[in-house]
Amino acid sequence: SIRKLRTNAQLTESDLADLERMLGEAGIGTPADVERAKHENHGLGLFVRSLVGLDREAAKQALAGFMNGKTLRANQIEFLELMIDHLTENGTLEPERLYESPYTDVNALGVEGVFASAEVAELVSILDGIKRRAA
């Protein structure tokens, strides 16, 4: 289950039950703590992924389709690398973060200053897909 979280594979109900069982067996928090973590993080899978992050290659693979066939400018590559770094460390990336530092350090407008509207929508869709697979 944890490998699936790290590699951006879709979790099943069985995987989520395994995660909950593992946390209980490891003595990591009470059942009430687990329920609170589920609630505050919109699911146990998202909570655990926030702890373990996303494998760097999985993050790159998630964005590979977006990059294929495009000739990217230096600032676009830098922006995507920042996204990959964030996904690797935190497991997910909320789209509103793309309008904050360090993304606004690349362009003051954030993602919209670096990519066209259709590309922004595609990136948001990719981020949503990454999040859904852990939920």
# chains A, B, ... in the order shown; residues from 1 in each chain; ligands from 1

$ residues_around --residues "Glu78 of chain A" --least-positions-apart "6" --cutoff "12 Å" --atoms "only C-alpha atoms" --output "MDAnalysis selection string"
chainID A and resid 72 84:85 102:107 111 114

$ write_last_selection --atoms "N, CA, C and O atoms" --output "PDB file, in the first residue's frame"
ATOM      1  N   LEU A  72      10.059  23.354 -24.294  1.00  0.00           N
ATOM      2  CA  LEU A  72       9.857  24.180 -23.110  1.00  0.00           C
ATOM      3  C   LEU A  72      10.952  25.229 -22.969  1.00  0.00           C
ATOM      4  O   LEU A  72      12.120  24.965 -23.259  1.00  0.00           O
ATOM      5  N   ILE A  84       7.847  19.178  -9.311  1.00  0.00           N
ATOM      6  CA  ILE A  84       8.345  17.820  -9.035  1.00  0.00           C
ATOM      7  C   ILE A  84       8.968  17.764  -7.637  1.00  0.00           C
ATOM      8  O   ILE A  84       8.716  16.822  -6.875  1.00  0.00           O
ATOM      9  N   ASP A  85       9.738  18.780  -7.285  1.00  0.00           N
ATOM     10  CA  ASP A  85      10.336  18.827  -5.952  1.00  0.00           C
ATOM     11  C   ASP A  85       9.256  18.819  -4.872  1.00  0.00           C
ATOM     12  O   ASP A  85       9.365  18.098  -3.878  1.00  0.00           O
ATOM     13  N   PRO A 102       7.546  29.187  -4.028  1.00  0.00           N
ATOM     14  CA  PRO A 102       8.620  29.655  -4.908  1.00  0.00           C
ATOM     15  C   PRO A 102       8.198  29.836  -6.366  1.00  0.00           C
ATOM     16  O   PRO A 102       9.004  30.274  -7.183  1.00  0.00           O
ATOM     17  N   TYR A 103       6.948  29.516  -6.701  1.00  0.00           N
ATOM     18  CA  TYR A 103       6.499  29.605  -8.098  1.00  0.00           C
ATOM     19  C   TYR A 103       6.460  31.054  -8.582  1.00  0.00           C
ATOM     20  O   TYR A 103       6.786  31.333  -9.736  1.00  0.00           O
ATOM     21  N   THR A 104       6.092  31.970  -7.694  1.00  0.00           N
ATOM     22  CA  THR A 104       6.075  33.377  -8.081  1.00  0.00           C
ATOM     23  C   THR A 104       7.489  33.952  -8.171  1.00  0.00           C
ATOM     24  O   THR A 104       7.663  35.063  -8.664  1.00  0.00           O
ATOM     25  N   ASP A 105       8.473  33.193  -7.715  1.00  0.00           N
ATOM     26  CA  ASP A 105       9.864  33.612  -7.914  1.00  0.00           C
ATOM     27  C   ASP A 105      10.284  33.401  -9.369  1.00  0.00           C
ATOM     28  O   ASP A 105      11.175  34.085  -9.869  1.00  0.00           O
ATOM     29  N   VAL A 106       9.631  32.461 -10.043  1.00  0.00           N
ATOM     30  CA  VAL A 106       9.890  32.217 -11.466  1.00  0.00           C
ATOM     31  C   VAL A 106       9.181  33.278 -12.301  1.00  0.00           C
ATOM     32  O   VAL A 106       9.741  33.823 -13.252  1.00  0.00           O
ATOM     33  N   ASN A 107       7.932  33.584 -11.927  1.00  0.00           N
ATOM     34  CA  ASN A 107       7.150  34.627 -12.581  1.00  0.00           C
ATOM     35  C   ASN A 107       6.178  35.174 -11.548  1.00  0.00           C
ATOM     36  O   ASN A 107       5.507  34.387 -10.868  1.00  0.00           O
ATOM     37  N   VAL A 111       1.828  30.336 -12.070  1.00  0.00           N
ATOM     38  CA  VAL A 111       1.676  29.418 -13.199  1.00  0.00           C
ATOM     39  C   VAL A 111       1.140  30.114 -14.448  1.00  0.00           C
ATOM     40  O   VAL A 111       1.546  29.795 -15.562  1.00  0.00           O
ATOM     41  N   VAL A 114       3.667  31.673 -16.726  1.00  0.00           N
ATOM     42  CA  VAL A 114       4.637  30.772 -17.347  1.00  0.00           C
ATOM     43  C   VAL A 114       3.994  29.913 -18.438  1.00  0.00           C
ATOM     44  O   VAL A 114       4.629  29.594 -19.438  1.00  0.00           O
TER      45      VAL A 114
END

$ residues_around --residues "segment 87-92 of chain A" --least-positions-apart "2" --cutoff "9 Å" --atoms "only C-alpha atoms" --output "VMD selection string"
chain A and resid 5 to 6 8 46 48 to 59 82 to 85 94 127 to 128 130 to 131

$ write_last_selection --atoms "C-alpha atoms" --output "PDB file, in the first residue's frame"
ATOM      1  CA  LEU A   5       1.302   5.690  -2.527  1.00  0.00           C
ATOM      2  CA  ARG A   6       4.931   6.433  -3.345  1.00  0.00           C
ATOM      3  CA  ASN A   8       1.259   7.178  -7.670  1.00  0.00           C
ATOM      4  CA  LEU A  46      -3.537  11.445   1.455  1.00  0.00           C
ATOM      5  CA  VAL A  48       0.122   8.828   4.686  1.00  0.00           C
ATOM      6  CA  ARG A  49       1.330  10.207   1.344  1.00  0.00           C
ATOM      7  CA  SER A  50       1.926  13.580   3.001  1.00  0.00           C
ATOM      8  CA  LEU A  51       4.311  11.731   5.325  1.00  0.00           C
ATOM      9  CA  VAL A  52       6.101   9.560   2.763  1.00  0.00           C
ATOM     10  CA  GLY A  53       5.975  11.847  -0.286  1.00  0.00           C
ATOM     11  CA  LEU A  54       5.893  10.765  -3.906  1.00  0.00           C
ATOM     12  CA  ASP A  55       8.771   8.961  -5.599  1.00  0.00           C
ATOM     13  CA  ARG A  56      10.677  11.442  -7.794  1.00  0.00           C
ATOM     14  CA  GLU A  57      10.366   9.230 -10.875  1.00  0.00           C
ATOM     15  CA  ALA A  58       6.613   8.887 -10.264  1.00  0.00           C
ATOM     16  CA  ALA A  59       6.317  12.683 -10.061  1.00  0.00           C
ATOM     17  CA  LEU A  82       9.710  23.063  -8.603  1.00  0.00           C
ATOM     18  CA  MET A  83       6.469  21.134  -8.956  1.00  0.00           C
ATOM     19  CA  ILE A  84       8.345  17.820  -9.035  1.00  0.00           C
ATOM     20  CA  ASP A  85      10.336  18.827  -5.952  1.00  0.00           C
ATOM     21  CA  GLU A  94      -2.696  22.008  -4.318  1.00  0.00           C
ATOM     22  CA  LEU A 127      -2.410  17.460  -9.903  1.00  0.00           C
ATOM     23  CA  ASP A 128      -6.009  16.432  -9.254  1.00  0.00           C
ATOM     24  CA  ILE A 130      -2.264  12.550  -8.424  1.00  0.00           C
ATOM     25  CA  LYS A 131      -4.404  13.442  -5.432  1.00  0.00           C
TER      26      LYS A 131
END

$ residues_around --residues "Glu13 of chain A" --least-positions-apart "4" --cutoff "12 Å" --atoms "only C-alpha atoms" --output "ChimeraX atom specification"
/A:1,17-20,43-45,133-135

$ residues_around --residues "Ile126 of chain A" --least-positions-apart "6" --cutoff "9 Å" --atoms "only C-alpha atoms" --output "VMD selection string"
chain A and resid 62 to 63 66

$ closest_residue --among "A:Ala9, A:Leu109, A:Val124, A:Met22" --to "Gln61 of chain A" --atoms "only C-alpha atoms"
A:Ala9

$ residues_around --residues "Gly110 of chain A" --least-positions-apart "6" --cutoff "10 Å" --atoms "only C-alpha atoms" --output "MDAnalysis selection string"
chainID A and resid 79 96:104

$ select_by_dssp --residues "chain A" --states "helix (DSSP H, G or I)" --output "PyMOL selection string"
chain A and resi 2-7+13-25+31-40+44-52+56-67+74-90+95-99+103-106+111-114+117-134

$ atom_distance --atom1 "atom CA of Phe47 of chain A" --atom2 "atom CA of Ile28 of chain A"
13.0 Å

$ decode --residues "segment 53-86 of chain A" --atoms "N, CA, C and O atoms" --output "PDB file, in the first residue's frame"
ATOM      1  N   GLY A  53       5.691  11.172   0.971  1.00  0.00           N
ATOM      2  CA  GLY A  53       5.975  11.847  -0.286  1.00  0.00           C
ATOM      3  C   GLY A  53       5.702  10.963  -1.489  1.00  0.00           C
ATOM      4  O   GLY A  53       5.149   9.879  -1.380  1.00  0.00           O
ATOM      5  N   LEU A  54       6.066  11.467  -2.640  1.00  0.00           N
ATOM      6  CA  LEU A  54       5.893  10.765  -3.906  1.00  0.00           C
ATOM      7  C   LEU A  54       7.284  10.489  -4.468  1.00  0.00           C
ATOM      8  O   LEU A  54       8.170  11.353  -4.402  1.00  0.00           O
ATOM      9  N   ASP A  55       7.497   9.300  -4.981  1.00  0.00           N
ATOM     10  CA  ASP A  55       8.771   8.961  -5.599  1.00  0.00           C
ATOM     11  C   ASP A  55       9.068   9.966  -6.717  1.00  0.00           C
ATOM     12  O   ASP A  55       8.181  10.333  -7.486  1.00  0.00           O
ATOM     13  N   ARG A  56      10.306  10.420  -6.798  1.00  0.00           N
ATOM     14  CA  ARG A  56      10.677  11.442  -7.794  1.00  0.00           C
ATOM     15  C   ARG A  56      10.363  10.981  -9.214  1.00  0.00           C
ATOM     16  O   ARG A  56       9.853  11.750 -10.027  1.00  0.00           O
ATOM     17  N   GLU A  57      10.662   9.739  -9.525  1.00  0.00           N
ATOM     18  CA  GLU A  57      10.366   9.230 -10.875  1.00  0.00           C
ATOM     19  C   GLU A  57       8.858   9.199 -11.131  1.00  0.00           C
ATOM     20  O   GLU A  57       8.416   9.458 -12.251  1.00  0.00           O
ATOM     21  N   ALA A  58       8.075   8.882 -10.111  1.00  0.00           N
ATOM     22  CA  ALA A  58       6.613   8.887 -10.264  1.00  0.00           C
ATOM     23  C   ALA A  58       6.114  10.305 -10.519  1.00  0.00           C
ATOM     24  O   ALA A  58       5.206  10.515 -11.337  1.00  0.00           O
ATOM     25  N   ALA A  59       6.698  11.285  -9.839  1.00  0.00           N
ATOM     26  CA  ALA A  59       6.317  12.683 -10.061  1.00  0.00           C
ATOM     27  C   ALA A  59       6.673  13.111 -11.485  1.00  0.00           C
ATOM     28  O   ALA A  59       5.872  13.756 -12.171  1.00  0.00           O
ATOM     29  N   LYS A  60       7.856  12.730 -11.932  1.00  0.00           N
ATOM     30  CA  LYS A  60       8.266  13.057 -13.302  1.00  0.00           C
ATOM     31  C   LYS A  60       7.349  12.381 -14.314  1.00  0.00           C
ATOM     32  O   LYS A  60       6.958  12.987 -15.321  1.00  0.00           O
ATOM     33  N   GLN A  61       7.009  11.127 -14.058  1.00  0.00           N
ATOM     34  CA  GLN A  61       6.142  10.381 -14.965  1.00  0.00           C
ATOM     35  C   GLN A  61       4.752  11.017 -15.040  1.00  0.00           C
ATOM     36  O   GLN A  61       4.156  11.073 -16.108  1.00  0.00           O
ATOM     37  N   ALA A  62       4.258  11.500 -13.904  1.00  0.00           N
ATOM     38  CA  ALA A  62       2.941  12.135 -13.886  1.00  0.00           C
ATOM     39  C   ALA A  62       2.908  13.370 -14.783  1.00  0.00           C
ATOM     40  O   ALA A  62       1.886  13.668 -15.397  1.00  0.00           O
ATOM     41  N   LEU A  63       4.029  14.066 -14.888  1.00  0.00           N
ATOM     42  CA  LEU A  63       4.103  15.274 -15.713  1.00  0.00           C
ATOM     43  C   LEU A  63       4.653  15.009 -17.112  1.00  0.00           C
ATOM     44  O   LEU A  63       4.665  15.907 -17.949  1.00  0.00           O
ATOM     45  N   ALA A  64       5.080  13.791 -17.374  1.00  0.00           N
ATOM     46  CA  ALA A  64       5.705  13.464 -18.667  1.00  0.00           C
ATOM     47  C   ALA A  64       4.768  13.708 -19.837  1.00  0.00           C
ATOM     48  O   ALA A  64       5.189  14.247 -20.867  1.00  0.00           O
ATOM     49  N   GLY A  65       3.525  13.330 -19.710  1.00  0.00           N
ATOM     50  CA  GLY A  65       2.573  13.540 -20.798  1.00  0.00           C
ATOM     51  C   GLY A  65       2.392  15.010 -21.121  1.00  0.00           C
ATOM     52  O   GLY A  65       2.213  15.391 -22.279  1.00  0.00           O
ATOM     53  N   PHE A  66       2.436  15.839 -20.097  1.00  0.00           N
ATOM     54  CA  PHE A  66       2.335  17.281 -20.291  1.00  0.00           C
ATOM     55  C   PHE A  66       3.532  17.811 -21.071  1.00  0.00           C
ATOM     56  O   PHE A  66       3.402  18.680 -21.929  1.00  0.00           O
ATOM     57  N   MET A  67       4.715  17.270 -20.787  1.00  0.00           N
ATOM     58  CA  MET A  67       5.948  17.779 -21.396  1.00  0.00           C
ATOM     59  C   MET A  67       6.205  17.225 -22.797  1.00  0.00           C
ATOM     60  O   MET A  67       6.884  17.866 -23.602  1.00  0.00           O
ATOM     61  N   ASN A  68       5.665  16.038 -23.090  1.00  0.00           N
ATOM     62  CA  ASN A  68       5.933  15.389 -24.377  1.00  0.00           C
ATOM     63  C   ASN A  68       5.502  16.267 -25.544  1.00  0.00           C
ATOM     64  O   ASN A  68       4.400  16.803 -25.562  1.00  0.00           O
ATOM     65  N   GLY A  69       6.384  16.376 -26.501  1.00  0.00           N
ATOM     66  CA  GLY A  69       6.083  17.088 -27.731  1.00  0.00           C
ATOM     67  C   GLY A  69       6.174  18.598 -27.618  1.00  0.00           C
ATOM     68  O   GLY A  69       5.882  19.302 -28.574  1.00  0.00           O
ATOM     69  N   LYS A  70       6.560  19.097 -26.453  1.00  0.00           N
ATOM     70  CA  LYS A  70       6.665  20.546 -26.273  1.00  0.00           C
ATOM     71  C   LYS A  70       8.136  20.940 -26.228  1.00  0.00           C
ATOM     72  O   LYS A  70       8.972  20.220 -25.710  1.00  0.00           O
ATOM     73  N   THR A  71       8.410  22.105 -26.763  1.00  0.00           N
ATOM     74  CA  THR A  71       9.719  22.708 -26.588  1.00  0.00           C
ATOM     75  C   THR A  71       9.547  23.711 -25.458  1.00  0.00           C
ATOM     76  O   THR A  71       8.917  24.753 -25.627  1.00  0.00           O
ATOM     77  N   LEU A  72      10.059  23.354 -24.294  1.00  0.00           N
ATOM     78  CA  LEU A  72       9.857  24.180 -23.110  1.00  0.00           C
ATOM     79  C   LEU A  72      10.952  25.229 -22.969  1.00  0.00           C
ATOM     80  O   LEU A  72      12.120  24.965 -23.259  1.00  0.00           O
ATOM     81  N   ARG A  73      10.547  26.406 -22.514  1.00  0.00           N
ATOM     82  CA  ARG A  73      11.502  27.472 -22.217  1.00  0.00           C
ATOM     83  C   ARG A  73      12.137  27.187 -20.860  1.00  0.00           C
ATOM     84  O   ARG A  73      11.628  26.404 -20.061  1.00  0.00           O
ATOM     85  N   ALA A  74      13.234  27.852 -20.579  1.00  0.00           N
ATOM     86  CA  ALA A  74      13.968  27.636 -19.326  1.00  0.00           C
ATOM     87  C   ALA A  74      13.092  27.879 -18.101  1.00  0.00           C
ATOM     88  O   ALA A  74      13.123  27.109 -17.138  1.00  0.00           O
ATOM     89  N   ASN A  75      12.265  28.946 -18.137  1.00  0.00           N
ATOM     90  CA  ASN A  75      11.429  29.230 -16.969  1.00  0.00           C
ATOM     91  C   ASN A  75      10.331  28.169 -16.795  1.00  0.00           C
ATOM     92  O   ASN A  75       9.932  27.873 -15.670  1.00  0.00           O
ATOM     93  N   GLN A  76       9.879  27.571 -17.889  1.00  0.00           N
ATOM     94  CA  GLN A  76       8.887  26.503 -17.793  1.00  0.00           C
ATOM     95  C   GLN A  76       9.508  25.242 -17.191  1.00  0.00           C
ATOM     96  O   GLN A  76       8.890  24.585 -16.353  1.00  0.00           O
ATOM     97  N   ILE A  77      10.709  24.934 -17.606  1.00  0.00           N
ATOM     98  CA  ILE A  77      11.419  23.773 -17.045  1.00  0.00           C
ATOM     99  C   ILE A  77      11.663  23.989 -15.555  1.00  0.00           C
ATOM    100  O   ILE A  77      11.421  23.092 -14.740  1.00  0.00           O
ATOM    101  N   GLU A  78      12.098  25.180 -15.186  1.00  0.00           N
ATOM    102  CA  GLU A  78      12.327  25.496 -13.773  1.00  0.00           C
ATOM    103  C   GLU A  78      11.031  25.353 -12.969  1.00  0.00           C
ATOM    104  O   GLU A  78      11.016  24.791 -11.871  1.00  0.00           O
ATOM    105  N   PHE A  79       9.932  25.831 -13.521  1.00  0.00           N
ATOM    106  CA  PHE A  79       8.634  25.748 -12.852  1.00  0.00           C
ATOM    107  C   PHE A  79       8.227  24.291 -12.636  1.00  0.00           C
ATOM    108  O   PHE A  79       7.802  23.909 -11.539  1.00  0.00           O
ATOM    109  N   LEU A  80       8.366  23.475 -13.671  1.00  0.00           N
ATOM    110  CA  LEU A  80       8.016  22.064 -13.564  1.00  0.00           C
ATOM    111  C   LEU A  80       8.927  21.336 -12.570  1.00  0.00           C
ATOM    112  O   LEU A  80       8.466  20.466 -11.828  1.00  0.00           O
ATOM    113  N   GLU A  81      10.190  21.698 -12.535  1.00  0.00           N
ATOM    114  CA  GLU A  81      11.116  21.108 -11.552  1.00  0.00           C
ATOM    115  C   GLU A  81      10.690  21.455 -10.129  1.00  0.00           C
ATOM    116  O   GLU A  81      10.770  20.615  -9.231  1.00  0.00           O
ATOM    117  N   LEU A  82      10.222  22.678  -9.920  1.00  0.00           N
ATOM    118  CA  LEU A  82       9.710  23.063  -8.603  1.00  0.00           C
ATOM    119  C   LEU A  82       8.493  22.217  -8.229  1.00  0.00           C
ATOM    120  O   LEU A  82       8.336  21.803  -7.077  1.00  0.00           O
ATOM    121  N   MET A  83       7.640  21.977  -9.202  1.00  0.00           N
ATOM    122  CA  MET A  83       6.469  21.134  -8.956  1.00  0.00           C
ATOM    123  C   MET A  83       6.897  19.715  -8.581  1.00  0.00           C
ATOM    124  O   MET A  83       6.357  19.121  -7.638  1.00  0.00           O
ATOM    125  N   ILE A  84       7.847  19.178  -9.311  1.00  0.00           N
ATOM    126  CA  ILE A  84       8.345  17.820  -9.035  1.00  0.00           C
ATOM    127  C   ILE A  84       8.968  17.764  -7.637  1.00  0.00           C
ATOM    128  O   ILE A  84       8.716  16.822  -6.875  1.00  0.00           O
ATOM    129  N   ASP A  85       9.738  18.780  -7.285  1.00  0.00           N
ATOM    130  CA  ASP A  85      10.336  18.827  -5.952  1.00  0.00           C
ATOM    131  C   ASP A  85       9.256  18.819  -4.872  1.00  0.00           C
ATOM    132  O   ASP A  85       9.365  18.098  -3.878  1.00  0.00           O
ATOM    133  N   HIS A  86       8.215  19.608  -5.062  1.00  0.00           N
ATOM    134  CA  HIS A  86       7.132  19.688  -4.082  1.00  0.00           C
ATOM    135  C   HIS A  86       6.394  18.350  -3.969  1.00  0.00           C
ATOM    136  O   HIS A  86       6.116  17.884  -2.857  1.00  0.00           O
TER     137      HIS A  86
END
